[in-house]
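Following: one structure in structure tokens, then a few remarks.
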Amino acid sequence: MKLLFDQNLSRDLIWRLADVYPGSEHVLRLGMSSTDDFRIWKFAAQEGWTVVTKDVDYAHLGMTLGPPPKVIWIRLGNCRVSALEDLLRQAFPAIEALHADPELAVLTLPLQIVP
């Protein structure tokens with residue numbers, strides 16, 4: 001699973017999570033800092049990336065267009081990079097399940113129970 005971190009997330013997540021998500025990348029390091037969401041979406045789909053973002057637009061694209069790419073939508077406010085790292089480590093089984101199911105498009109983290 002290669003994660004593509006959106007510009008609203010720290011580039012440090014690449015090396016902090018390299019043991020769990022090897023080959024991950026950040027849009028800034030790919031020269032896509034000013035690229036619009038839909039172009040990043042198409043790039044991620046073509047290259048086999050899973051988009052990790054706090055931006056609801058990617059979640060909407062996932063729910064509207066379906067995969068690929070898969071989307072991990074982080075629903076945390078401002079927080080330390082270590083909190084995001086912990087969340088993505090703890091969510092590894094859920095992220096694996098997202099990738100295993102061809103029909104799932106979006107995973108919202110932290111996981112929420114909806115009555």
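The chains in the structure tokens are called A, B, ... from first to last as shown; in each chain the residues are counted from 1, and the ligands are counted from 1 in the order shown.
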**Message:** I need the residues of range 23-99 of chain A that end up classed as helix (DSSP H, G or I) by DSSP on the backbone, written out as number ranges by chain.
**Reply:** A: 37-47, 56-65, 81-90, 92-99
Hey, could you make a per-residue contact list for range 29-100 of chain A against range 4-22 of chain A with 8 Å as the cut-off, showing the nearest pair of atoms and its distance in Å to one decimal, counting only C-alpha atoms, sorted by chain and number, as CSV?
```
residue,atom,partner,partner_atom,distance
A:Ser33,CA,A:Gln7,CA,6.6
A:Ala44,CA,A:Leu4,CA,7.4
A:Trp49,CA,A:Leu4,CA,5.8
A:Thr50,CA,A:Leu4,CA,5.7
A:Val51,CA,A:Leu4,CA,4.8
A:Val52,CA,A:Phe5,CA,4.9
A:Thr53,CA,A:Asp6,CA,5.2
A:Lys54,CA,A:Asn8,CA,6.6
A:Asp55,CA,A:Asn8,CA,7.7
A:Val81,CA,A:Ser10,CA,6.8
A:Glu85,CA,A:Leu13,CA,6.6
A:Arg89,CA,A:Val20,CA,7.3
```
Can you write just those residues out, all heavy atoms, as a CSV table (one decimal), in the first residue's frame?
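And here's again.csv as it stands now:
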```
chain,number,residue,atom,x,y,z
A,33,SER,N,2.4,20.7,-5.5
A,33,SER,CA,1.9,21.6,-4.5
A,33,SER,C,0.8,22.5,-4.9
A,33,SER,O,-0.1,22.8,-4.2
A,33,SER,CB,3.0,22.4,-3.8
A,33,SER,OG,3.6,23.2,-4.7
A,44,ALA,N,-3.1,9.8,-8.8
A,44,ALA,CA,-3.1,8.7,-7.8
A,44,ALA,C,-3.7,7.4,-8.3
A,44,ALA,O,-3.2,6.3,-8.1
A,44,ALA,CB,-3.8,9.2,-6.5
A,49,TRP,N,-1.6,4.9,-6.0
A,49,TRP,CA,-1.5,5.5,-4.7
A,49,TRP,C,-2.9,5.5,-4.0
A,49,TRP,O,-3.9,5.5,-4.7
A,49,TRP,CB,-1.1,7.0,-4.8
A,49,TRP,CG,0.2,7.2,-5.5
A,49,TRP,CD1,0.5,7.5,-6.8
A,49,TRP,CD2,1.5,7.2,-4.8
A,49,TRP,NE1,1.8,7.6,-7.0
A,49,TRP,CE2,2.5,7.5,-5.8
A,49,TRP,CE3,1.9,6.9,-3.5
A,49,TRP,CZ2,3.8,7.5,-5.5
A,49,TRP,CZ3,3.3,7.0,-3.2
A,49,TRP,CH2,4.2,7.3,-4.2
A,50,THR,N,-2.8,5.5,-2.7
A,50,THR,CA,-4.0,5.8,-1.9
A,50,THR,C,-3.8,7.2,-1.3
A,50,THR,O,-2.8,7.5,-0.7
A,50,THR,CB,-4.1,4.8,-0.7
A,50,THR,OG1,-4.4,3.5,-1.3
A,50,THR,CG2,-5.3,5.1,0.2
A,51,VAL,N,-4.8,8.1,-1.5
A,51,VAL,CA,-4.7,9.4,-1.1
A,51,VAL,C,-5.1,9.5,0.4
A,51,VAL,O,-6.1,9.0,0.8
A,51,VAL,CB,-5.6,10.4,-1.9
A,51,VAL,CG1,-5.6,11.8,-1.4
A,51,VAL,CG2,-5.3,10.3,-3.4
A,52,VAL,N,-4.2,10.2,1.1
A,52,VAL,CA,-4.4,10.4,2.6
A,52,VAL,C,-4.6,11.9,2.7
A,52,VAL,O,-3.7,12.7,2.3
A,52,VAL,CB,-3.3,9.9,3.5
A,52,VAL,CG1,-3.6,10.1,4.9
A,52,VAL,CG2,-3.0,8.4,3.2
A,53,THR,N,-5.7,12.4,3.3
A,53,THR,CA,-6.0,13.8,3.3
A,53,THR,C,-6.9,14.2,4.4
A,53,THR,O,-7.6,13.3,5.0
A,53,THR,CB,-6.7,14.2,1.9
A,53,THR,OG1,-6.9,15.6,1.9
A,53,THR,CG2,-8.0,13.5,1.8
A,54,LYS,N,-7.0,15.5,4.7
A,54,LYS,CA,-8.0,16.0,5.6
A,54,LYS,C,-9.0,16.8,4.8
A,54,LYS,O,-9.9,17.4,5.3
A,54,LYS,CB,-7.3,17.0,6.6
A,54,LYS,CG,-6.5,16.3,7.7
A,54,LYS,CD,-6.0,17.4,8.7
A,54,LYS,CE,-5.4,16.7,9.9
A,54,LYS,NZ,-5.0,17.7,10.9
A,55,ASP,N,-8.9,16.8,3.5
A,55,ASP,CA,-9.7,17.5,2.5
A,55,ASP,C,-10.9,16.7,2.2
A,55,ASP,O,-10.8,15.7,1.6
A,55,ASP,CB,-8.9,17.9,1.3
A,55,ASP,CG,-9.6,18.8,0.3
A,55,ASP,OD1,-10.8,18.9,0.4
A,55,ASP,OD2,-8.9,19.3,-0.6
A,81,VAL,N,2.1,15.7,14.5
A,81,VAL,CA,2.4,14.7,13.5
A,81,VAL,C,2.4,13.3,14.2
A,81,VAL,O,2.0,12.3,13.6
A,81,VAL,CB,3.8,15.0,12.9
A,81,VAL,CG1,4.1,13.8,11.9
A,81,VAL,CG2,3.7,16.3,12.1
A,85,GLU,N,0.6,9.9,13.0
A,85,GLU,CA,1.4,8.7,12.9
A,85,GLU,C,0.8,7.5,13.6
A,85,GLU,O,0.6,6.4,13.1
A,85,GLU,CB,2.8,8.9,13.3
A,85,GLU,CG,3.7,7.6,13.3
A,85,GLU,CD,5.1,7.8,13.9
A,85,GLU,OE1,5.4,8.9,14.4
A,85,GLU,OE2,5.8,6.8,13.9
A,89,ARG,N,-0.9,4.1,12.1
A,89,ARG,CA,-0.4,2.8,12.6
A,89,ARG,C,-1.5,1.9,13.1
A,89,ARG,O,-1.6,0.7,12.8
A,89,ARG,CB,0.7,3.0,13.6
A,89,ARG,CG,2.0,3.4,13.0
A,89,ARG,CD,3.1,3.5,14.1
A,89,ARG,NE,4.3,4.1,13.6
A,89,ARG,CZ,5.2,3.3,12.8
A,89,ARG,NH1,5.0,2.1,12.6
A,89,ARG,NH2,6.3,3.9,12.3
```
**Message:** Among chain A, which ones does DSSP assign to strand (DSSP E) (computed from the backbone)? Answer as a list of chain:residue names.
**Reply:** A:Lys2, A:Leu3, A:Leu4, A:Phe5, A:Glu25, A:His26, A:Trp49, A:Thr50, A:Val51, A:Val52, A:Thr53, A:Val71, A:Ile72, A:Trp73, A:Ile74, A:Val106, A:Leu107, A:Thr108, A:Leu109
**Message:** Please list as a ChimeraX atom specification every residue within 10 Å of Leu61 in chain A, counting only C-alpha atoms and excluding residues in the same chain fewer than 2 positions away.
**Reply:** /A:37-38,41,56-59,63-67,69-71,105-106
Dump as a CSV table (one decimal), in the first residue's frame, selection limited to all heavy atoms:
```csv
chain,number,residue,atom,x,y,z
A,37,ASP,N,-7.1,19.3,-7.0
A,37,ASP,CA,-7.5,18.0,-6.4
A,37,ASP,C,-7.8,17.0,-7.5
A,37,ASP,O,-7.4,15.8,-7.3
A,37,ASP,CB,-8.7,18.2,-5.5
A,37,ASP,CG,-8.3,19.0,-4.2
A,37,ASP,OD1,-7.1,19.2,-4.0
A,37,ASP,OD2,-9.3,19.3,-3.5
A,38,PHE,N,-8.5,17.3,-8.5
A,38,PHE,CA,-8.9,16.3,-9.5
A,38,PHE,C,-7.7,15.8,-10.3
A,38,PHE,O,-7.6,14.6,-10.6
A,38,PHE,CB,-9.9,16.9,-10.5
A,38,PHE,CG,-10.5,15.8,-11.4
A,38,PHE,CD1,-11.3,14.8,-10.9
A,38,PHE,CD2,-10.2,15.8,-12.7
A,38,PHE,CE1,-11.8,13.8,-11.7
A,38,PHE,CE2,-10.7,14.8,-13.5
A,38,PHE,CZ,-11.6,13.8,-13.0
A,41,TRP,N,-6.0,13.4,-8.0
A,41,TRP,CA,-6.9,12.2,-8.0
A,41,TRP,C,-6.6,11.3,-9.1
A,41,TRP,O,-6.4,10.1,-9.0
A,41,TRP,CB,-8.4,12.7,-8.0
A,41,TRP,CG,-9.3,11.6,-8.2
A,41,TRP,CD1,-9.8,11.1,-9.4
A,41,TRP,CD2,-10.0,10.8,-7.2
A,41,TRP,NE1,-10.7,10.1,-9.2
A,41,TRP,CE2,-10.8,9.9,-7.9
A,41,TRP,CE3,-9.9,10.7,-5.8
A,41,TRP,CZ2,-11.6,9.0,-7.2
A,41,TRP,CZ3,-10.6,9.8,-5.2
A,41,TRP,CH2,-11.5,8.9,-5.8
A,56,VAL,N,-12.1,17.2,2.5
A,56,VAL,CA,-13.4,16.5,2.2
A,56,VAL,C,-13.6,16.3,0.7
A,56,VAL,O,-14.3,15.4,0.3
A,56,VAL,CB,-14.6,17.2,2.8
A,56,VAL,CG1,-14.8,18.6,2.2
A,56,VAL,CG2,-15.8,16.4,2.8
A,57,ASP,N,-12.9,17.2,-0.2
A,57,ASP,CA,-13.1,17.0,-1.6
A,57,ASP,C,-12.7,15.7,-2.1
A,57,ASP,O,-13.4,15.1,-3.0
A,57,ASP,CB,-12.3,18.1,-2.3
A,57,ASP,CG,-12.9,19.5,-2.1
A,57,ASP,OD1,-14.0,19.6,-1.6
A,57,ASP,OD2,-12.2,20.5,-2.3
A,58,TYR,N,-11.6,15.1,-1.6
A,58,TYR,CA,-11.2,13.8,-2.0
A,58,TYR,C,-12.2,12.7,-1.6
A,58,TYR,O,-12.5,11.8,-2.3
A,58,TYR,CB,-9.8,13.4,-1.5
A,58,TYR,CG,-8.7,14.2,-2.1
A,58,TYR,CD1,-8.1,15.3,-1.5
A,58,TYR,CD2,-8.3,13.8,-3.4
A,58,TYR,CE1,-7.1,16.0,-2.2
A,58,TYR,CE2,-7.3,14.5,-4.0
A,58,TYR,CZ,-6.7,15.6,-3.4
A,58,TYR,OH,-5.7,16.3,-4.0
A,59,ALA,N,-12.8,12.9,-0.4
A,59,ALA,CA,-13.8,11.9,0.1
A,59,ALA,C,-15.0,12.0,-0.9
A,59,ALA,O,-15.6,11.0,-1.2
A,59,ALA,CB,-14.2,12.2,1.5
A,63,MET,N,-16.5,9.0,-3.1
A,63,MET,CA,-17.9,8.5,-3.0
A,63,MET,C,-18.6,8.7,-4.3
A,63,MET,O,-19.5,7.9,-4.6
A,63,MET,CB,-18.6,9.2,-1.9
A,63,MET,CG,-18.1,8.8,-0.5
A,63,MET,SD,-19.0,9.6,0.8
A,63,MET,CE,-18.0,11.1,1.0
A,64,THR,N,-18.3,9.7,-5.1
A,64,THR,CA,-18.9,9.9,-6.4
A,64,THR,C,-18.4,9.1,-7.5
A,64,THR,O,-19.2,8.4,-8.3
A,64,THR,CB,-18.8,11.4,-6.8
A,64,THR,OG1,-19.3,12.2,-5.7
A,64,THR,CG2,-19.5,11.7,-8.1
A,65,LEU,N,-17.1,9.0,-7.7
A,65,LEU,CA,-16.5,8.3,-8.8
A,65,LEU,C,-16.1,6.9,-8.5
A,65,LEU,O,-15.9,6.1,-9.4
A,65,LEU,CB,-15.2,9.1,-9.3
A,65,LEU,CG,-15.5,10.5,-9.7
A,65,LEU,CD1,-14.2,11.2,-10.0
A,65,LEU,CD2,-16.4,10.6,-10.9
A,66,GLY,N,-15.9,6.6,-7.2
A,66,GLY,CA,-15.5,5.2,-6.8
A,66,GLY,C,-14.0,5.1,-7.0
A,66,GLY,O,-13.3,5.9,-7.6
A,67,PRO,N,-13.4,3.9,-6.6
A,67,PRO,CA,-12.0,3.7,-6.7
A,67,PRO,C,-11.7,3.2,-8.1
A,67,PRO,O,-12.6,2.7,-8.8
A,67,PRO,CB,-11.7,2.6,-5.7
A,67,PRO,CG,-13.0,1.9,-5.5
A,67,PRO,CD,-14.1,2.9,-5.8
A,69,PRO,N,-8.6,6.1,-7.2
A,69,PRO,CA,-7.8,5.6,-6.0
A,69,PRO,C,-8.7,5.5,-4.8
A,69,PRO,O,-9.8,6.0,-4.8
A,69,PRO,CB,-6.8,6.7,-5.8
A,69,PRO,CG,-7.5,8.0,-6.2
A,69,PRO,CD,-8.4,7.5,-7.4
A,70,LYS,N,-8.2,4.8,-3.8
A,70,LYS,CA,-8.8,4.7,-2.5
A,70,LYS,C,-8.4,6.0,-1.8
A,70,LYS,O,-7.4,6.7,-2.1
A,70,LYS,CB,-8.3,3.5,-1.7
A,70,LYS,CG,-8.4,2.2,-2.4
A,70,LYS,CD,-9.8,1.6,-2.3
A,70,LYS,CE,-9.9,0.2,-2.9
A,70,LYS,NZ,-11.1,-0.5,-2.4
A,71,VAL,N,-9.3,6.4,-0.8
A,71,VAL,CA,-9.1,7.6,-0.1
A,71,VAL,C,-9.1,7.3,1.4
A,71,VAL,O,-10.1,6.7,1.9
A,71,VAL,CB,-10.1,8.7,-0.4
A,71,VAL,CG1,-9.9,10.0,0.5
A,71,VAL,CG2,-10.0,9.1,-1.9
A,105,ALA,N,-14.3,2.7,-1.2
A,105,ALA,CA,-13.6,3.9,-1.8
A,105,ALA,C,-13.0,4.8,-0.8
A,105,ALA,O,-11.9,5.3,-1.0
A,105,ALA,CB,-14.6,4.7,-2.7
A,106,VAL,N,-13.7,4.9,0.4
A,106,VAL,CA,-13.2,5.9,1.4
A,106,VAL,C,-13.2,5.3,2.7
A,106,VAL,O,-14.2,4.7,3.1
A,106,VAL,CB,-14.2,7.2,1.3
A,106,VAL,CG1,-13.7,8.2,2.4
A,106,VAL,CG2,-14.2,7.8,0.0
```
**Two-atom distance - CA of Met32 in chain A, CA of Pro93 in chain A (Å)** =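 Separation of CA of Met32 in chain A and CA of Pro93 in chain A: 29.1 Å.
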**Prompt:** In terms of the shortest atom-to-atom distance over only C-alpha atoms, which of A:Ile40, A:Leu111, A:Leu104, A:Ala94 is closest to Arg75 in chain A?
**Reply:**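 The closest residue to Arg75 in chain A is A:Leu111.
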**Asked** Please, what distance in Å, to one decimal, runs between CA of Phe92 in chain A and CA of Ser24 in chain A?
**Response** 14.1 Å
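Minimum atom-to-atom distance to Glu96 in chain A, evaluated using only C-alpha atoms, belongs to A:Met1 out of A:Ile74, A:Leu28, A:Met1, A:Leu84.
Taking CA of Lys42 in chain A and CA of Glu25 in chain A as endpoints, the distance between them is 15.6 Å.
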